[in-house]
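This is model_30.csv (CSV, C-alpha atoms).
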chain,number,residue,atom,x,y,z
E,22,MET,CA,136.9,87.0,83.7
E,23,ALA,CA,139.5,89.6,83.0
E,24,VAL,CA,142.3,87.2,83.6
E,25,THR,CA,141.0,84.8,81.0
E,26,SER,CA,140.7,87.7,78.5
E,27,SER,CA,144.3,88.7,79.1
E,28,VAL,CA,145.4,85.1,78.6
E,29,LYS,CA,143.4,84.9,75.4
E,30,SER,CA,145.0,88.1,74.2
E,31,TYR,CA,148.3,86.7,75.1
E,32,GLN,CA,147.6,83.5,73.2
E,33,GLY,CA,146.2,85.4,70.2
E,34,SER,CA,149.4,87.3,69.9
E,35,SER,CA,151.2,84.0,69.3
E,36,SER,CA,148.7,82.7,66.8
E,37,GLN,CA,151.0,83.4,63.9
E,38,GLU,CA,153.5,80.8,65.2
E,39,GLU,CA,153.4,77.2,63.9
E,40,GLU,CA,150.6,75.4,65.7
E,41,GLY,CA,151.8,71.9,66.2
E,42,PRO,CA,150.6,69.8,69.1
E,43,SER,CA,153.6,70.5,71.2
E,44,ASN,CA,153.4,74.3,70.5
E,45,LEU,CA,149.7,74.3,71.4
E,46,GLN,CA,150.3,72.5,74.7
E,47,ALA,CA,153.1,74.9,75.5
E,48,LEU,CA,150.7,77.8,74.9
E,49,LEU,CA,148.1,76.2,77.2
E,50,ASP,CA,150.7,75.6,79.9
E,51,THR,CA,151.9,79.2,79.6
E,52,GLY,CA,148.3,80.5,79.8
E,53,THR,CA,147.6,78.4,82.9
E,54,LEU,CA,150.8,79.6,84.5
E,55,LEU,CA,149.9,83.2,83.8
E,56,ILE,CA,146.4,82.8,85.3
E,57,ASP,CA,148.0,81.2,88.4
E,58,ALA,CA,150.6,84.0,88.7
E,59,ILE,CA,148.0,86.7,88.3
E,60,GLU,CA,145.7,85.1,91.0
E,61,ASP,CA,148.7,85.0,93.3
E,62,LYS,CA,149.3,88.7,92.7
E,63,VAL,CA,145.6,89.5,93.3
E,64,ALA,CA,145.8,87.7,96.7
E,65,GLY,CA,149.0,89.6,97.4
E,66,LEU,CA,147.5,93.0,96.5
E,67,VAL,CA,144.4,92.3,98.8
E,68,LYS,CA,146.8,91.5,101.7
E,69,PHE,CA,148.6,94.8,100.9
E,70,LEU,CA,145.4,96.8,101.0
E,71,VAL,CA,144.3,95.1,104.2
E,72,LEU,CA,147.6,95.9,105.8
E,73,LYS,CA,147.3,99.5,104.7
E,74,CYS,CA,143.8,99.6,106.2
E,75,ARG,CA,145.0,98.3,109.5
E,76,THR,CA,147.8,100.7,109.8
E,77,LYS,CA,145.8,103.6,108.4
E,78,GLU,CA,148.6,104.4,106.0
E,79,PRO,CA,147.9,106.0,102.6
E,80,ILE,CA,147.5,103.8,99.6
E,81,THR,CA,149.4,104.9,96.4
E,82,LYS,CA,149.5,103.4,93.0
E,83,ALA,CA,153.3,103.8,92.9
E,84,GLU,CA,153.7,101.4,95.8
E,85,MET,CA,151.6,98.6,94.3
E,86,PRO,CA,153.8,97.5,91.4
E,87,SER,CA,157.0,97.8,93.4
E,88,SER,CA,155.7,96.1,96.5
E,89,VAL,CA,153.3,93.5,95.1
E,90,ILE,CA,153.0,93.3,91.3
E,91,LYS,CA,156.7,93.4,90.4
E,92,GLU,CA,157.4,91.5,87.2
E,93,TYR,CA,153.7,91.5,86.2
E,94,GLN,CA,153.3,95.2,85.9
E,95,ASP,CA,151.9,94.8,82.3
E,96,HIS,CA,148.9,93.1,83.9
E,97,PHE,CA,148.4,95.7,86.6
E,98,PRO,CA,144.9,96.8,85.5
E,99,VAL,CA,143.6,93.2,85.6
E,100,ILE,CA,145.2,92.6,89.0
E,101,PHE,CA,144.0,95.9,90.5
E,102,ASN,CA,140.4,95.4,89.2
E,103,GLN,CA,140.2,91.9,90.6
E,104,ALA,CA,141.7,92.9,93.9
E,105,SER,CA,139.2,95.8,94.1
E,106,GLU,CA,136.3,93.4,93.4
E,107,CYS,CA,137.6,91.0,96.1
E,108,MET,CA,137.8,93.9,98.6
E,109,GLN,CA,134.2,94.7,97.9
E,110,LEU,CA,132.9,91.2,98.2
E,111,VAL,CA,134.9,90.1,101.2
E,112,PHE,CA,135.2,93.4,103.2
E,113,GLY,CA,132.3,95.5,101.8
E,114,THR,CA,134.6,98.3,100.7
E,115,ASP,CA,135.4,100.0,97.4
E,116,VAL,CA,138.9,101.0,96.5
E,117,LYS,CA,138.4,104.7,95.4
E,118,GLU,CA,140.9,107.1,93.9
E,119,VAL,CA,140.9,110.2,96.1
E,120,ASN,CA,143.7,112.1,94.4
E,121,SER,CA,144.1,111.9,90.7
E,122,ILE,CA,147.5,113.7,90.7
E,123,SER,CA,149.3,111.5,93.3
E,124,HIS,CA,147.1,108.5,92.4
E,125,SER,CA,146.3,107.8,96.0
E,126,TYR,CA,143.4,105.6,97.1
E,127,ALA,CA,141.2,105.0,100.1
E,128,LEU,CA,138.9,102.2,101.2
E,129,VAL,CA,135.3,103.4,101.2
E,130,ASN,CA,132.4,101.7,102.8
E,131,THR,CA,129.6,101.6,100.2
E,132,LEU,CA,127.2,99.1,101.8
E,133,GLY,CA,125.5,101.7,104.1
E,134,LEU,CA,126.4,99.9,107.3
E,135,THR,CA,128.3,101.7,110.0
E,136,CYS,CA,129.5,98.6,111.9
E,137,ASN,CA,133.1,99.4,110.9
E,138,GLU,CA,132.9,101.9,113.8
E,139,MET,CA,133.5,99.1,116.3
E,140,LEU,CA,133.5,99.2,120.1
E,141,ASN,CA,137.0,100.5,120.2
E,142,ASP,CA,139.1,103.1,118.4
E,143,GLU,CA,141.9,100.7,117.3
E,144,PRO,CA,142.6,100.4,113.5
E,145,SER,CA,140.6,97.5,112.1
E,146,VAL,CA,139.8,96.0,108.8
E,147,PRO,CA,136.2,96.6,107.6
E,148,LYS,CA,133.9,93.8,108.6
E,149,THR,CA,130.8,94.9,106.7
E,150,GLY,CA,131.3,92.1,104.1
E,151,LEU,CA,131.1,89.4,106.8
E,152,LEU,CA,128.0,91.1,108.3
E,153,ILE,CA,126.2,91.5,105.0
E,154,ASN,CA,126.8,87.8,104.2
E,155,ILE,CA,125.2,86.9,107.6
E,156,LEU,CA,122.3,89.2,106.9
E,157,GLY,CA,121.9,87.5,103.5
E,158,VAL,CA,121.8,84.0,105.0
E,159,ILE,CA,119.1,85.2,107.4
E,160,PHE,CA,117.1,86.8,104.6
E,161,ILE,CA,117.1,83.8,102.3
E,162,ASN,CA,116.2,81.5,105.2
E,163,GLY,CA,112.9,83.3,105.7
E,164,ASN,CA,114.3,86.1,107.9
E,165,CYS,CA,115.4,83.7,110.6
E,166,ALA,CA,118.4,81.5,110.3
E,167,PRO,CA,119.5,78.6,112.5
E,168,GLU,CA,122.9,79.1,114.1
E,169,GLU,CA,124.3,76.0,112.4
E,170,ASP,CA,123.4,77.5,108.9
E,171,ILE,CA,125.3,80.6,109.7
E,172,TRP,CA,128.5,78.7,110.7
E,173,GLU,CA,128.2,76.5,107.6
E,174,VAL,CA,128.3,79.6,105.3
E,175,LEU,CA,131.0,81.2,107.3
E,176,SER,CA,133.2,78.1,107.1
E,177,VAL,CA,133.2,78.5,103.3
E,178,MET,CA,134.7,81.9,103.9
E,179,GLY,CA,137.4,80.4,106.2
E,180,VAL,CA,135.7,81.6,109.4
E,181,TYR,CA,135.1,78.9,112.0
E,182,ASP,CA,133.4,78.8,115.4
E,183,ARG,CA,135.8,79.2,118.3
E,184,THR,CA,138.8,79.6,116.0
E,185,GLU,CA,140.6,82.9,116.0
E,186,HIS,CA,140.6,84.6,112.6
E,187,PHE,CA,143.4,86.9,111.6
E,188,ILE,CA,141.0,89.6,110.4
E,189,TYR,CA,137.7,89.1,112.3
E,190,GLY,CA,139.2,88.0,115.6
E,191,GLU,CA,137.1,85.5,117.7
E,192,PRO,CA,134.1,85.2,115.4
E,193,ARG,CA,131.7,83.8,118.0
E,194,LYS,CA,132.2,86.9,120.1
E,195,LEU,CA,131.8,89.2,117.1
E,196,ILE,CA,128.5,87.8,115.9
E,197,THR,CA,126.8,86.7,119.2
E,198,LYS,CA,128.0,89.6,121.4
E,199,ASP,CA,129.5,92.6,119.5
E,200,TRP,CA,127.0,92.8,116.7
E,201,VAL,CA,124.1,91.9,119.0
E,202,GLN,CA,125.2,94.7,121.3
E,203,GLU,CA,125.3,97.0,118.4
E,204,GLN,CA,121.8,95.8,117.4
E,205,TYR,CA,122.8,94.6,113.9
E,206,LEU,CA,121.9,91.0,114.9
E,207,GLU,CA,119.4,89.4,117.2
E,208,TYR,CA,120.6,86.1,118.7
E,209,ARG,CA,117.9,84.1,120.6
E,210,GLN,CA,117.1,80.6,121.8
E,211,VAL,CA,114.7,78.7,119.7
E,212,PRO,CA,111.5,78.3,121.8
E,213,ASN,CA,111.1,74.9,123.5
E,214,SER,CA,114.4,73.6,122.1
E,215,ASP,CA,116.0,70.9,124.2
E,216,PRO,CA,118.9,70.8,124.0
E,217,ALA,CA,119.0,74.5,123.5
E,218,CYS,CA,119.3,75.7,119.9
E,219,TYR,CA,119.8,79.3,118.7
E,220,GLU,CA,118.9,81.3,115.7
E,221,PHE,CA,119.8,84.7,114.2
E,222,LEU,CA,117.5,87.5,113.0
E,223,TRP,CA,118.2,91.0,111.7
E,224,GLY,CA,118.5,93.5,114.5
E,225,PRO,CA,116.8,96.9,114.5
E,226,ARG,CA,120.0,98.7,113.3
E,227,ALA,CA,120.3,96.4,110.3
E,228,HIS,CA,116.7,97.1,109.3
E,229,ALA,CA,117.5,100.9,109.7
E,230,GLU,CA,120.7,100.9,107.7
E,231,MET,CA,120.3,98.1,105.1
E,232,SER,CA,117.5,97.2,102.7
E,233,LYS,CA,116.7,93.6,101.7
E,234,MET,CA,117.2,94.6,98.0
E,235,LYS,CA,120.7,95.8,98.7
E,236,VAL,CA,121.5,92.6,100.6
E,237,LEU,CA,120.1,90.6,97.7
E,238,GLU,CA,122.1,92.5,95.1
E,239,PHE,CA,125.2,91.8,97.2
E,240,LEU,CA,124.4,88.0,97.3
E,241,ALA,CA,123.7,88.0,93.6
E,242,LYS,CA,127.1,89.6,92.8
E,243,VAL,CA,128.9,87.1,95.1
E,244,ASN,CA,127.2,84.3,93.2
E,245,ASP,CA,127.8,85.9,89.8
E,246,THR,CA,124.1,86.2,89.0
E,247,ILE,CA,121.2,88.7,89.2
E,248,PRO,CA,118.8,89.4,92.1
E,249,ILE,CA,115.8,88.0,90.2
E,250,ALA,CA,117.5,84.6,90.2
E,251,PHE,CA,116.2,84.4,93.8
E,252,PRO,CA,112.5,85.0,92.9
E,253,ILE,CA,110.9,84.6,96.3
E,254,CYS,CA,113.5,86.8,98.0
E,255,TYR,CA,113.3,89.3,95.1
E,256,GLU,CA,109.5,89.7,95.5
E,257,GLU,CA,110.0,90.3,99.2
E,258,ALA,CA,112.8,92.8,98.6
E,259,LEU,CA,110.5,94.7,96.2
E,260,ARG,CA,107.8,94.9,98.9
E,261,ASP,CA,110.4,96.1,101.4
E,262,GLU,CA,111.5,98.8,98.9
E,263,GLU,CA,107.9,99.9,98.5
E,264,GLU,CA,107.3,100.0,102.3
E,265,ARG,CA,110.5,102.0,102.8
E,266,SER,CA,109.5,104.5,100.1
E,267,GLN,CA,106.1,105.0,101.7
E,268,ALA,CA,107.7,105.5,105.1
E,269,ARG,CA,110.0,108.2,103.7
E,270,VAL,CA,106.9,110.0,102.2
E,271,VAL,CA,105.1,109.8,105.6
E,272,VAL,CA,108.2,111.2,107.4
E,273,SER,CA,108.6,113.9,104.8
E,274,ASP,CA,104.9,114.9,105.0
E,275,SER,CA,105.0,114.9,108.7
E,276,GLY,CA,108.0,117.2,108.7
E,277,ALA,CA,106.3,119.5,106.3
E,278,ALA,CA,103.2,119.6,108.5
E,279,ARG,CA,105.3,120.4,111.6
E,280,THR,CA,106.9,123.3,109.6
E,281,ARG,CA,103.5,124.7,108.6
E,282,VAL,CA,102.2,124.5,112.2
E,283,TRP,CA,105.4,126.2,113.5
E,284,ALA,CA,105.0,129.0,110.8
E,285,TYR,CA,101.4,129.5,111.7
E,286,SER,CA,102.2,129.6,115.4
E,287,ARG,CA,104.9,132.2,114.8
E,288,ALA,CA,102.7,134.3,112.6
E,289,THR,CA,99.8,134.4,115.1
E,290,SER,CA,101.8,134.8,118.3
E,291,SER,CA,102.0,138.2,120.0
E,292,SER,CA,105.8,138.1,119.7
E,293,PHE,CA,105.7,138.1,115.9
E,294,PHE,CA,104.7,141.2,114.1
E,295,CYS,CA,105.2,143.0,110.9
E,296,PRO,CA,106.7,146.5,111.0
E,297,LYS,CA,104.4,149.3,109.8
Using structure tokens, write down the structure that the file contains.
Amino acid sequence: MAVTSSVKSYQGSSSQEEEGPSNLQALLDTGTLLIDAIEDKVAGLVKFLVLKCRTKEPITKAEMPSSVIKEYQDHFPVIFNQASECMQLVFGTDVKEVNSISHSYALVNTLGLTCNEMLNDEPSVPKTGLLINILGVIFINGNCAPEEDIWEVLSVMGVYDRTEHFIYGEPRKLITKDWVQEQYLEYRQVPNSDPACYEFLWGPRAHAEMSKMKVLEFLAKVNDTIPIAFPICYEEALRDEEERSQARVVVSDSGAARTRVWAYSRATSSSFFCPK
């Protein structure tokens, strides 16, 4: 991790000092304190970015050191990069510089999902990260995940059933009503289950906006690995990519055929003529 590299660099700069047991322990303690401090600053910067997103205020580089980083400005690149990675993994957004002169930034949805355009126009924090995690759980469970599996994964993210979340609101309503209504998820009762059990599947809008390979790449990044580390899912994702590619070719050919028919019709109609 970048933090570890910074700490090693910090420790290396002190290598010329006398290395007795007490000095070595002091260096280790100092390195640990630095890591902890930087992690706190990363969390603080993420909160800062989330607040800016909620209020739709501009994000500028000048504000970050004075508002969040403060005495750790020398470590700003490390803190900023880790906060940006966190924004991507948790919220599904990239922190992009939009003005190189004023060094202003914007949060950009790069996952291909449009679910950030929620059912109201109120400012909200992007929720694509949560949705893609749910889509990932469904995918790796054979494209159909029991409801209890979904809540188990969400609990790791600090999201609990029937417990209001400061970012996602009431999560049960979000995933069983809002995203079902928007057709990102399908929520249905398991046939012949008694007592009734429920399961989640991808909705038609998820299939249209998101590929299985993109979901697998996201899951691999969250788990600090590569997509092929999930061999069964990887093979299915490759097949999905091939099917999508073929579908695009069919649509393209169909469009070209319609254009040729239209041109022929125009050329042979009585209303179309070439001047003599």
| For E:Pro252: contacts at 12 Å, all atoms listed in the file, fewer than 3 positions along chain excluded, given as a list in words |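 Near E:Pro252, the qualifying residues are Ile161, Met234, Leu237, Ala241, Ile247, Pro248, Ile249, Tyr255, Glu256, Glu257, Ala258 and Leu259 of chain E.
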| request: Kindly extract all protein, DNA and RNA residues lying within 12 Å of the coordinates (134.1, 89.4, 115.6) given in the file, considering all atoms listed in the file, and supply them as a ChimeraX atom specification. | output: /E:136-137,139-140,145-149,151-152,180-203
| query | Suppose you want the space between atom CA of E:Ser87 and atom CA of E:Leu66; what is it in Å? | reply |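 Straight-line distance from atom CA of E:Ser87 to atom CA of E:Leu66 works out to 11.1 Å.
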| At what distance in Å, to one decimal, does atom CA of E:Thr131 lie from atom CA of E:Thr114? |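 Between these atoms lies a distance of 6.0 Å.
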| Which one of E:Gly179, E:Lys82, E:Ala227, E:Cys165 sits closest to E:Ile122 if you count all atoms listed in the file? |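 Distance minimum relative to E:Ile122 lands on E:Lys82.
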| If you measure from atom CA of E:Val236 to atom CA of E:Ala268, what distance in Å do you get, rounded to one decimal? |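 Atom CA of E:Ala268 lies 19.4 Å from atom CA of E:Val236.
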| said: Using only C-alpha atoms, can you tell me which of E:Ile90, E:Ile56, E:Leu72, E:Met85 comes closest to E:Leu128? | reply: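 The shortest atom-to-atom distance to E:Leu128 comes from E:Leu72.
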Since the input has fewer atoms than a full residue there, write stretch 63-87 of chain E out with N, CA, C and O atoms, as a compact mmCIF listing (two decimals), keeping the file's coordinate frame.
# COMPACT_ATOMS: atom_id res chain seq x y z
N VAL E 63 146.88 88.95 92.76
CA VAL E 63 145.60 89.50 93.30
C VAL E 63 145.55 89.29 94.79
O VAL E 63 145.23 90.21 95.55
N ALA E 64 145.85 88.05 95.23
CA ALA E 64 145.80 87.70 96.70
C ALA E 64 146.85 88.60 97.41
O ALA E 64 146.58 89.12 98.50
N GLY E 65 148.02 88.80 96.79
CA GLY E 65 149.00 89.60 97.40
C GLY E 65 148.62 91.08 97.54
O GLY E 65 148.88 91.74 98.56
N LEU E 66 147.93 91.59 96.51
CA LEU E 66 147.50 93.00 96.50
C LEU E 66 146.37 93.17 97.58
O LEU E 66 146.32 94.20 98.25
N VAL E 67 145.49 92.17 97.71
CA VAL E 67 144.40 92.30 98.80
C VAL E 67 145.09 92.32 100.14
O VAL E 67 144.69 93.13 100.98
N LYS E 68 146.09 91.49 100.38
CA LYS E 68 146.80 91.50 101.70
C LYS E 68 147.45 92.88 101.89
O LYS E 68 147.45 93.42 103.01
N PHE E 69 148.02 93.44 100.83
CA PHE E 69 148.60 94.80 100.90
C PHE E 69 147.62 95.82 101.30
O PHE E 69 147.88 96.66 102.17
N LEU E 70 146.44 95.79 100.68
CA LEU E 70 145.40 96.80 101.00
C LEU E 70 144.87 96.60 102.40
O LEU E 70 144.60 97.58 103.10
N VAL E 71 144.73 95.34 102.83
CA VAL E 71 144.30 95.10 104.20
C VAL E 71 145.28 95.62 105.21
O VAL E 71 144.90 96.24 106.22
N LEU E 72 146.56 95.41 104.95
CA LEU E 72 147.60 95.90 105.80
C LEU E 72 147.56 97.44 105.91
O LEU E 72 147.67 98.04 107.00
N LYS E 73 147.40 98.09 104.78
CA LYS E 73 147.30 99.50 104.70
C LYS E 73 146.10 100.03 105.53
O LYS E 73 146.15 101.07 106.20
N CYS E 74 145.01 99.28 105.43
CA CYS E 74 143.80 99.60 106.20
C CYS E 74 144.04 99.53 107.67
O CYS E 74 143.63 100.40 108.45
N ARG E 75 144.70 98.46 108.08
CA ARG E 75 145.00 98.30 109.50
C ARG E 75 145.85 99.35 110.08
O ARG E 75 145.64 99.81 111.20
N THR E 76 146.86 99.74 109.33
CA THR E 76 147.80 100.70 109.80
C THR E 76 147.40 102.15 109.51
O THR E 76 148.07 103.11 109.92
N LYS E 77 146.29 102.28 108.76
CA LYS E 77 145.80 103.60 108.40
C LYS E 77 146.83 104.39 107.58
O LYS E 77 146.92 105.62 107.71
N GLU E 78 147.62 103.70 106.79
CA GLU E 78 148.60 104.40 106.00
C GLU E 78 148.00 104.68 104.59
O GLU E 78 147.09 103.98 104.14
N PRO E 79 148.47 105.72 103.92
CA PRO E 79 147.90 106.00 102.60
C PRO E 79 148.26 104.94 101.58
O PRO E 79 149.29 104.26 101.68
N ILE E 80 147.37 104.78 100.62
CA ILE E 80 147.50 103.80 99.60
C ILE E 80 147.85 104.53 98.27
O ILE E 80 147.06 105.36 97.83
N THR E 81 148.99 104.25 97.69
CA THR E 81 149.40 104.90 96.40
C THR E 81 149.60 103.90 95.33
O THR E 81 150.05 102.79 95.59
N LYS E 82 149.31 104.33 94.12
CA LYS E 82 149.50 103.40 93.00
C LYS E 82 150.95 103.09 92.77
O LYS E 82 151.28 101.98 92.35
N ALA E 83 151.85 104.03 93.10
CA ALA E 83 153.30 103.80 92.90
C ALA E 83 153.80 102.64 93.72
O ALA E 83 154.72 101.93 93.30
N GLU E 84 153.21 102.45 94.91
CA GLU E 84 153.70 101.40 95.80
C GLU E 84 153.28 99.99 95.30
O GLU E 84 154.00 99.02 95.53
N MET E 85 152.15 99.90 94.65
CA MET E 85 151.60 98.60 94.30
C MET E 85 152.48 97.78 93.38
O MET E 85 152.77 96.61 93.68
N PRO E 86 152.95 98.35 92.26
CA PRO E 86 153.80 97.50 91.40
C PRO E 86 155.12 97.14 92.07
O PRO E 86 155.56 95.99 91.95
N SER E 87 155.74 98.06 92.81
CA SER E 87 157.00 97.80 93.40
C SER E 87 156.92 96.81 94.59
O SER E 87 157.80 95.97 94.82
